[in-house]
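Below is my_file.csv, holding CSV, C-alpha atoms.
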chain,number,residue,atom,x,y,z
A,17,MET,CA,33.9,-58.4,25.4
A,18,LYS,CA,30.2,-58.4,26.3
A,19,LYS,CA,31.1,-57.2,29.8
A,20,ILE,CA,33.2,-54.3,28.4
A,21,PHE,CA,30.4,-53.3,26.1
A,22,LEU,CA,27.9,-53.4,28.9
A,23,PHE,CA,30.1,-51.2,31.1
A,24,LEU,CA,30.5,-48.6,28.3
A,25,ALA,CA,26.8,-48.5,27.7
A,26,VAL,CA,26.1,-47.9,31.4
A,27,ALA,CA,28.8,-45.3,31.6
A,28,GLY,CA,27.3,-43.5,28.5
A,29,THR,CA,23.9,-43.5,30.1
A,30,PHE,CA,25.4,-42.0,33.3
A,31,PHE,CA,27.2,-39.2,31.5
A,32,THR,CA,24.1,-38.4,29.4
A,33,SER,CA,22.0,-38.1,32.6
A,34,CYS,CA,24.5,-35.8,34.2
A,35,SER,CA,24.5,-33.5,31.1
A,36,SER,CA,20.7,-33.3,31.1
A,37,ASP,CA,20.6,-32.4,34.8
A,38,ASP,CA,23.1,-29.6,34.2
A,39,ASP,CA,21.1,-28.2,31.3
A,40,SER,CA,17.9,-28.1,33.4
A,41,ASN,CA,19.7,-26.1,36.2
A,42,ASP,CA,18.6,-28.8,38.7
A,43,GLY,CA,22.2,-29.5,39.9
A,44,THR,CA,24.5,-27.6,42.2
A,45,PRO,CA,25.3,-23.9,41.6
A,46,VAL,CA,27.9,-23.1,38.9
A,47,THR,CA,30.0,-21.3,41.5
A,48,PRO,CA,31.2,-23.9,44.1
A,49,GLY,CA,30.2,-22.8,47.6
A,50,ALA,CA,27.5,-20.3,46.5
A,51,THR,CA,24.5,-20.3,48.8
A,52,ALA,CA,22.3,-17.6,47.3
A,53,ILE,CA,21.6,-15.7,44.1
A,54,THR,CA,20.2,-12.2,43.4
A,55,LEU,CA,18.1,-11.3,40.4
A,56,THR,CA,18.0,-7.6,39.2
A,57,SER,CA,16.4,-5.9,36.2
A,58,ASN,CA,17.9,-3.0,34.3
A,59,VAL,CA,14.7,-1.1,34.7
A,60,ALA,CA,11.6,-1.5,36.8
A,61,THR,CA,9.1,-0.1,34.3
A,62,VAL,CA,8.9,0.0,30.5
A,63,ALA,CA,6.3,1.2,28.0
A,64,LEU,CA,4.7,-1.5,25.9
A,65,GLY,CA,7.1,-2.6,23.2
A,66,GLY,CA,10.1,-2.2,25.5
A,67,SER,CA,12.3,-4.9,27.0
A,68,PHE,CA,13.7,-5.9,30.4
A,69,THR,CA,17.3,-7.2,30.8
A,70,PHE,CA,17.9,-9.4,33.8
A,71,THR,CA,21.2,-10.0,35.6
A,72,VAL,CA,22.0,-12.7,38.2
A,73,THR,CA,24.9,-12.7,40.7
A,74,ASP,CA,25.6,-15.1,43.6
A,75,ASN,CA,26.7,-14.3,47.1
A,76,LEU,CA,30.3,-14.8,46.1
A,77,ALA,CA,30.0,-11.8,43.7
A,78,ALA,CA,30.1,-14.1,40.6
A,79,ASN,CA,28.0,-13.1,37.6
A,80,VAL,CA,25.9,-16.2,36.7
A,81,THR,CA,23.5,-14.5,34.3
A,82,THR,CA,24.3,-16.8,31.4
A,83,THR,CA,24.0,-20.0,33.4
A,84,SER,CA,20.7,-19.1,35.0
A,85,GLN,CA,17.2,-19.9,34.0
A,86,TYR,CA,14.4,-17.3,34.1
A,87,PHE,CA,10.7,-17.5,34.8
A,88,VAL,CA,8.0,-14.8,34.2
A,89,ASN,CA,4.8,-15.5,36.1
A,90,ASP,CA,6.2,-19.0,36.7
A,91,VAL,CA,6.6,-19.7,32.9
A,92,ALA,CA,10.2,-20.3,31.7
A,93,ILE,CA,11.6,-17.8,29.1
A,94,THR,CA,14.5,-18.5,26.8
A,95,SER,CA,16.9,-15.8,27.8
A,96,ASN,CA,17.6,-13.0,30.2
A,97,VAL,CA,15.9,-10.4,27.9
A,98,TYR,CA,12.1,-10.3,28.0
A,99,THR,CA,9.8,-8.2,25.8
A,100,PRO,CA,6.2,-8.3,27.2
A,101,SER,CA,3.3,-8.4,24.9
A,102,ALA,CA,0.7,-6.8,27.2
A,103,VAL,CA,0.4,-4.1,29.7
A,104,GLY,CA,0.5,-5.3,33.3
A,105,THR,CA,2.7,-6.3,36.3
A,106,TYR,CA,5.0,-9.4,36.0
A,107,SER,CA,6.7,-11.5,38.6
A,108,VAL,CA,10.2,-12.7,37.6
A,109,LYS,CA,12.5,-15.1,39.3
A,110,ALA,CA,15.8,-16.9,38.4
A,111,LYS,CA,17.2,-20.3,39.1
A,112,ASN,CA,20.8,-21.4,39.1
A,113,GLY,CA,21.3,-25.0,40.1
A,114,THR,CA,19.5,-25.6,43.4
A,115,LEU,CA,19.3,-21.9,44.1
A,116,THR,CA,16.3,-19.7,43.5
A,117,SER,CA,16.3,-15.9,43.6
A,118,ALA,CA,13.7,-13.7,45.3
A,119,VAL,CA,10.9,-12.5,43.0
A,120,VAL,CA,11.4,-9.2,41.3
A,121,THR,CA,8.3,-7.3,40.1
A,122,VAL,CA,8.4,-5.3,36.9
A,123,THR,CA,5.7,-3.2,35.3
A,124,VAL,CA,4.6,-2.6,31.7
A,125,THR,CA,2.7,0.6,30.9
A,126,ALA,CA,0.7,1.6,27.8
A,127,ALA,CA,2.8,3.1,25.1
A,128,PRO,CA,2.4,6.9,25.0
A,129,VAL,CA,0.0,8.2,22.4
A,130,VAL,CA,1.6,10.3,19.7
A,131,SER,CA,-0.4,13.4,18.9
A,132,PRO,CA,0.0,15.1,15.5
A,133,SER,CA,1.4,18.6,15.2
A,134,ASN,CA,1.9,19.8,11.6
A,135,SER,CA,2.0,16.1,10.9
A,136,PHE,CA,-0.1,13.0,10.6
A,137,VAL,CA,0.1,10.0,12.9
A,138,LEU,CA,-0.2,6.4,11.6
A,139,ASN,CA,0.4,3.3,13.9
A,140,ASN,CA,1.5,5.7,16.7
A,141,THR,CA,4.3,7.0,14.4
A,142,ASN,CA,4.5,10.7,13.6
A,143,TYR,CA,5.1,11.8,10.0
A,144,GLU,CA,6.0,15.5,9.6
A,145,THR,CA,4.0,17.5,7.1
A,146,PRO,CA,5.3,21.1,7.6
A,147,VAL,CA,3.5,22.4,4.5
A,148,VAL,CA,-0.1,22.3,3.4
A,149,GLY,CA,-1.2,23.4,-0.1
A,150,PHE,CA,-4.5,23.2,-1.9
A,151,GLY,CA,-4.4,21.7,-5.4
A,152,PHE,CA,-7.0,22.9,-7.8
A,153,ARG,CA,-8.4,19.8,-9.6
A,154,GLY,CA,-10.8,21.4,-12.0
A,155,ILE,CA,-14.5,22.1,-12.5
A,156,TYR,CA,-16.9,19.3,-13.4
A,157,GLU,CA,-20.5,19.1,-14.6
A,158,ALA,CA,-22.5,17.2,-12.0
A,159,GLY,CA,-25.3,14.7,-12.6
A,160,THR,CA,-27.9,17.3,-12.9
A,161,ALA,CA,-27.8,19.6,-16.0
A,162,GLY,CA,-26.6,23.1,-15.2
A,163,GLN,CA,-25.0,22.1,-11.8
A,164,TYR,CA,-21.2,22.1,-11.4
A,165,LEU,CA,-18.6,21.0,-8.8
A,166,ILE,CA,-15.2,22.5,-8.2
A,167,LEU,CA,-12.7,20.0,-6.8
A,168,TRP,CA,-9.7,20.7,-4.5
A,169,ASP,CA,-7.0,18.6,-2.9
A,170,PHE,CA,-6.2,19.3,0.7
A,171,ASN,CA,-2.5,18.4,0.6
A,172,PRO,CA,-0.2,18.2,3.7
A,173,TYR,CA,3.3,17.2,2.7
A,174,LYS,CA,7.0,17.1,3.5
A,175,GLU,CA,9.3,18.3,0.7
A,176,VAL,CA,12.9,17.1,0.4
A,177,GLY,CA,15.0,19.0,-2.1
A,178,SER,CA,13.6,21.4,-4.6
A,179,GLY,CA,12.5,21.9,-8.2
A,180,ASN,CA,12.4,18.8,-10.5
A,181,SER,CA,14.5,16.8,-8.0
A,182,ALA,CA,12.2,17.4,-5.1
A,183,THR,CA,10.7,14.3,-3.4
A,184,TYR,CA,7.7,14.0,-1.0
A,185,PRO,CA,8.2,11.2,1.5
A,186,ASN,CA,5.1,12.2,3.5
A,187,ASP,CA,2.3,13.2,1.2
A,188,LEU,CA,-1.4,13.1,1.9
A,189,TYR,CA,-4.4,14.1,-0.3
A,190,LEU,CA,-8.0,14.6,0.6
A,191,THR,CA,-10.1,15.5,-2.4
A,192,PHE,CA,-13.3,17.4,-1.8
A,193,ALA,CA,-16.0,19.0,-3.9
A,194,LEU,CA,-17.8,22.3,-3.5
A,195,PRO,CA,-20.8,23.6,-5.5
A,196,ILE,CA,-20.0,26.3,-8.0
A,197,VAL,CA,-22.1,28.3,-10.5
A,198,PRO,CA,-21.0,29.7,-13.9
A,199,THR,CA,-20.2,33.4,-14.0
A,200,GLY,CA,-20.4,33.7,-17.8
A,201,GLN,CA,-20.1,32.0,-21.2
A,202,ASP,CA,-17.3,31.8,-23.8
A,203,ALA,CA,-17.7,32.3,-27.6
A,204,ASP,CA,-18.9,28.7,-28.0
A,205,GLY,CA,-21.6,29.1,-25.3
A,206,GLU,CA,-19.7,27.0,-22.8
A,207,PRO,CA,-19.9,28.2,-19.2
A,208,THR,CA,-16.9,30.0,-17.6
A,209,PHE,CA,-16.2,30.3,-13.9
A,210,THR,CA,-14.4,32.4,-11.4
A,211,ILE,CA,-12.4,30.0,-9.1
A,212,LEU,CA,-14.1,29.4,-5.8
A,213,PHE,CA,-11.5,28.9,-3.0
A,214,PRO,CA,-12.0,26.6,0.0
A,215,THR,CA,-13.4,28.2,3.1
A,216,VAL,CA,-14.0,27.2,6.8
A,217,ALA,CA,-16.1,24.0,6.7
A,218,ASP,CA,-16.5,20.5,8.0
A,219,PHE,CA,-16.1,17.9,5.2
A,220,SER,CA,-17.5,14.4,5.6
A,221,TRP,CA,-17.0,11.2,3.5
A,222,ASN,CA,-19.3,10.7,0.6
A,223,SER,CA,-21.9,13.0,1.9
A,224,THR,CA,-25.2,13.3,0.0
A,225,THR,CA,-24.9,17.1,0.3
A,226,LEU,CA,-22.1,19.4,-0.6
A,227,PRO,CA,-19.4,20.0,0.4
A,228,THR,CA,-18.2,16.4,0.5
A,229,LEU,CA,-15.0,14.4,0.5
A,230,LEU,CA,-14.5,12.1,-2.5
A,231,ASP,CA,-11.1,10.6,-2.2
A,232,ALA,CA,-8.0,10.0,0.0
A,233,TYR,CA,-4.4,9.0,-0.7
A,234,VAL,CA,-1.6,8.7,1.9
A,235,ILE,CA,2.1,8.3,1.5
A,236,SER,CA,4.2,7.8,4.7
A,237,ASN,CA,8.0,7.6,4.5
A,238,ASN,CA,7.7,6.9,0.8
A,239,VAL,CA,5.3,4.0,1.2
A,240,ALA,CA,1.7,4.3,-0.1
A,241,LEU,CA,-1.0,3.3,2.3
A,242,LEU,CA,-3.6,3.0,-0.4
A,243,PRO,CA,-3.5,1.7,-4.0
A,244,GLU,CA,-3.4,4.2,-6.9
A,245,ASP,CA,-6.6,2.9,-8.4
A,246,ALA,CA,-9.6,5.0,-7.2
A,247,ASP,CA,-12.1,2.1,-7.0
A,248,GLU,CA,-9.6,0.0,-5.1
A,249,ARG,CA,-9.0,2.9,-2.7
A,250,ALA,CA,-12.7,3.5,-2.1
A,251,ALA,CA,-13.2,-0.2,-1.2
A,252,LEU,CA,-10.6,0.1,1.6
A,253,ILE,CA,-11.8,3.4,3.1
A,254,ALA,CA,-14.3,3.4,5.9
A,255,ASP,CA,-14.4,7.1,6.7
A,256,VAL,CA,-12.6,10.4,6.0
A,257,SER,CA,-13.0,13.7,7.7
A,258,LEU,CA,-11.6,17.2,7.3
A,259,ASN,CA,-12.3,20.1,9.6
A,260,ILE,CA,-11.0,23.5,8.4
A,261,THR,CA,-11.4,26.0,11.3
A,262,ALA,CA,-9.4,28.9,9.8
A,263,ILE,CA,-8.2,29.8,6.3
A,264,GLN,CA,-6.9,32.8,4.5
A,265,PHE,CA,-5.1,32.6,1.1
A,266,PRO,CA,-2.5,35.2,0.1
A,267,THR,CA,-3.8,37.7,-2.4
A,268,ASP,CA,-0.2,38.8,-3.4
A,269,THR,CA,3.4,38.3,-2.2
A,270,SER,CA,3.0,40.9,0.5
A,271,THR,CA,-0.1,39.4,2.2
A,272,ALA,CA,-0.1,36.7,4.8
A,273,SER,CA,-1.9,33.3,4.6
A,274,ASN,CA,-3.3,31.2,7.4
A,275,LEU,CA,-4.7,27.7,7.8
A,276,ALA,CA,-5.9,25.6,10.8
A,277,ALA,CA,-7.2,22.2,10.1
A,278,THR,CA,-7.6,18.6,11.5
A,279,TYR,CA,-8.3,15.5,9.5
A,280,SER,CA,-8.5,11.7,9.6
A,281,VAL,CA,-8.6,8.7,7.3
A,282,THR,CA,-10.0,5.4,8.7
A,283,LEU,CA,-9.6,2.2,6.8
A,284,ASN,CA,-11.7,-0.9,7.0
A,285,ASP,CA,-8.8,-2.9,8.5
A,286,GLY,CA,-8.8,-0.6,11.5
A,287,LYS,CA,-5.8,1.6,10.5
A,288,VAL,CA,-6.4,5.3,11.3
A,289,VAL,CA,-4.5,8.3,10.1
A,290,GLN,CA,-4.9,11.4,12.2
A,291,GLY,CA,-3.5,14.8,11.2
A,292,GLN,CA,-3.3,18.4,12.3
A,293,TYR,CA,-1.9,21.6,10.7
A,294,SER,CA,-1.6,25.2,11.7
A,295,GLY,CA,0.4,27.7,9.6
A,296,THR,CA,0.7,29.3,6.2
A,297,THR,CA,-0.8,27.9,3.1
A,298,GLY,CA,-1.2,28.4,-0.6
A,299,TYR,CA,-2.6,26.7,-3.8
A,300,TYR,CA,-1.3,25.2,-7.0
A,301,ASP,CA,-2.6,23.8,-10.3
A,302,ALA,CA,-3.3,20.1,-10.1
A,303,THR,CA,-5.4,19.7,-13.2
A,304,GLY,CA,-2.8,17.8,-15.1
A,305,ALA,CA,-0.3,15.0,-14.4
A,306,LYS,CA,2.6,17.4,-14.9
A,307,ALA,CA,1.3,19.8,-12.3
A,308,ALA,CA,3.9,21.1,-9.9
A,309,LYS,CA,4.3,19.2,-6.6
A,310,MET,CA,2.5,16.1,-7.7
A,311,ASN,CA,4.3,12.8,-7.2
A,312,VAL,CA,1.3,10.6,-8.2
A,313,ALA,CA,-0.9,10.8,-11.2
A,314,PRO,CA,-4.1,12.8,-10.7
A,315,LYS,CA,-6.8,10.6,-9.1
A,316,ASN,CA,-9.9,9.5,-10.9
A,317,VAL,CA,-13.0,11.0,-9.4
A,318,LYS,CA,-16.2,9.1,-10.1
A,319,LEU,CA,-18.9,11.6,-11.3
A,320,SER,CA,-22.0,11.1,-13.4
A,321,LYS,CA,-20.4,13.2,-16.1
A,322,GLY,CA,-16.7,13.8,-16.3
A,323,LYS,CA,-16.6,16.8,-18.6
A,324,MET,CA,-14.0,19.3,-17.3
A,325,HIS,CA,-14.2,23.0,-18.0
A,326,LEU,CA,-11.0,25.0,-17.9
A,327,ALA,CA,-11.4,27.5,-15.0
A,328,LYS,CA,-10.9,31.2,-15.8
A,329,LYS,CA,-10.4,33.8,-13.1

Translate this file's structure into structure tokens.
Amino acid sequence: MKKIFLFLAVAGTFFTSCSSDDDSNDGTPVTPGATAITLTSNVATVALGGSFTFTVTDNLAANVTTTSQYFVNDVAITSNVYTPSAVGTYSVKAKNGTLTSAVVTVTVTAAPVVSPSNSFVLNNTNYETPVVGFGFRGIYEAGTAGQYLILWDFNPYKEVGSGNSATYPNDLYLTFALPIVPTGQDADGEPTFTILFPTVADFSWNSTTLPTLLDAYVISNNVALLPEDADERAALIADVSLNITAIQFPTDTSTASNLAATYSVTLNDGKVVQGQYSGTTGYYDATGAKAAKMNVAPKNVKLSKGKMHLAKK
């Protein structure tokens, strides 16, 4: 009985060793009689983020892809599909049993840079914004008595549907302030104003002089990039810019409008939103939460005094 047990133990060790050799591709080729293998790639070049798929055949025309092992720059990979993580040139070879293929060279190029066109770009993804409107946010008394600010939202967006059922999957707001002076007084002695519309200008983030950008909010594919709380947003924003190079509002239904602008929002974590628009434009009332075309509550703007005066044309 001891001899039989010893024989079985030795036999078990032998078969285990053979199995391990097969798994490591150190044995004979899978196809008996094969003397060479050829490695090919489905493509020679991909942009970063793409993948290569490798195929191996032997000199007897047998496909031995699934039984071969692959090496990229002499480092084994787990399958015949390889997704590089960096730009560069890679040397690939395959082994099948005792056979090794010739080296195949593949190249990875930088991913093409997406440029905005009536859209904004985030993480190299383009988000269409075929409409830009200006939302009137109201007139506020500034920190110095007798000085006032008029606030506007620069608002590129994509509208899906219409009316009360409309949604805005891509929706960006840049709130900016312009100086404005009263044009009269009401019966209670409160100042009244004639609305001052945006003009050609460069707006910078939290400038000490007017005009200046005060806030930003970005929704891409129905996902908010920034929180709704104004203080939390401000803590995440590194820089915002808006450059309006041409603007004309319609004076009635028969007159044309025109707008050309570029803009960007840079966050402290390195994310950058870059946008461009060229086309018609218009304006809407954004002084209340129920204002038309507003899918977020009006944003809080930190001013020394928050007294709002109803604008009168």

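Residues in contact range of range 267-283 of chain A, defined as at most 6 Å between only C-alpha atoms, with sequence neighbours fewer than 2 positions away removed, read A:Leu252, A:Ile253, A:Ala254, A:Asp255, A:Val256, A:Ser257, A:Leu258, A:Asn259, A:Ile260, A:Thr261, A:Ala262, A:Ile263, A:Gln264, A:Phe265, A:Asp285, A:Gly286, A:Lys287, A:Val288, A:Val289, A:Gln290, A:Gly291, A:Gln292, A:Tyr293, A:Ser294, A:Gly295, A:Thr296, A:Thr297.
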
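Counting all atoms listed in the file and comparing A:Ser236, A:Tyr300, A:Asp231, A:Ala102, the residue that lies closest to Arg249 in chain A is A:Asp231.
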
Task: Polymer residues at most 10 Å from (13.7, -2.0, 37.2) by only C-alpha atoms, as a PyMOL selection string - done: chain A and resi 56-62+68-70+120-123

Emit the selected residues as a PDB file, keeping the file's coordinate frame, including C-alpha atoms.
ATOM      1  CA  THR A  56      18.000  -7.600  39.200  1.00  0.00           C
ATOM      2  CA  SER A  57      16.400  -5.900  36.200  1.00  0.00           C
ATOM      3  CA  ASN A  58      17.900  -3.000  34.300  1.00  0.00           C
ATOM      4  CA  VAL A  59      14.700  -1.100  34.700  1.00  0.00           C
ATOM      5  CA  ALA A  60      11.600  -1.500  36.800  1.00  0.00           C
ATOM      6  CA  THR A  61       9.100  -0.100  34.300  1.00  0.00           C
ATOM      7  CA  VAL A  62       8.900   0.000  30.500  1.00  0.00           C
ATOM      8  CA  PHE A  68      13.700  -5.900  30.400  1.00  0.00           C
ATOM      9  CA  THR A  69      17.300  -7.200  30.800  1.00  0.00           C
ATOM     10  CA  PHE A  70      17.900  -9.400  33.800  1.00  0.00           C
ATOM     11  CA  VAL A 120      11.400  -9.200  41.300  1.00  0.00           C
ATOM     12  CA  THR A 121       8.300  -7.300  40.100  1.00  0.00           C
ATOM     13  CA  VAL A 122       8.400  -5.300  36.900  1.00  0.00           C
ATOM     14  CA  THR A 123       5.700  -3.200  35.300  1.00  0.00           C
TER      15      THR A 123
END

- [ ] Skip range 190-207 of chain A itself and residues of its chain fewer than 2 positions away, then list as JSON, numbers by chain all residues within 8 Å of it, counting all atoms listed in the file.
- [x] {"A": [163, 164, 165, 166, 167, 168, 169, 170, 171, 188, 209, 210, 212, 219, 226, 227, 228, 229, 230, 231, 232, 233, 325]}

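Across the structure, CA of Val108 in chain A and CA of Pro45 in chain A are spaced 19.2 Å apart.
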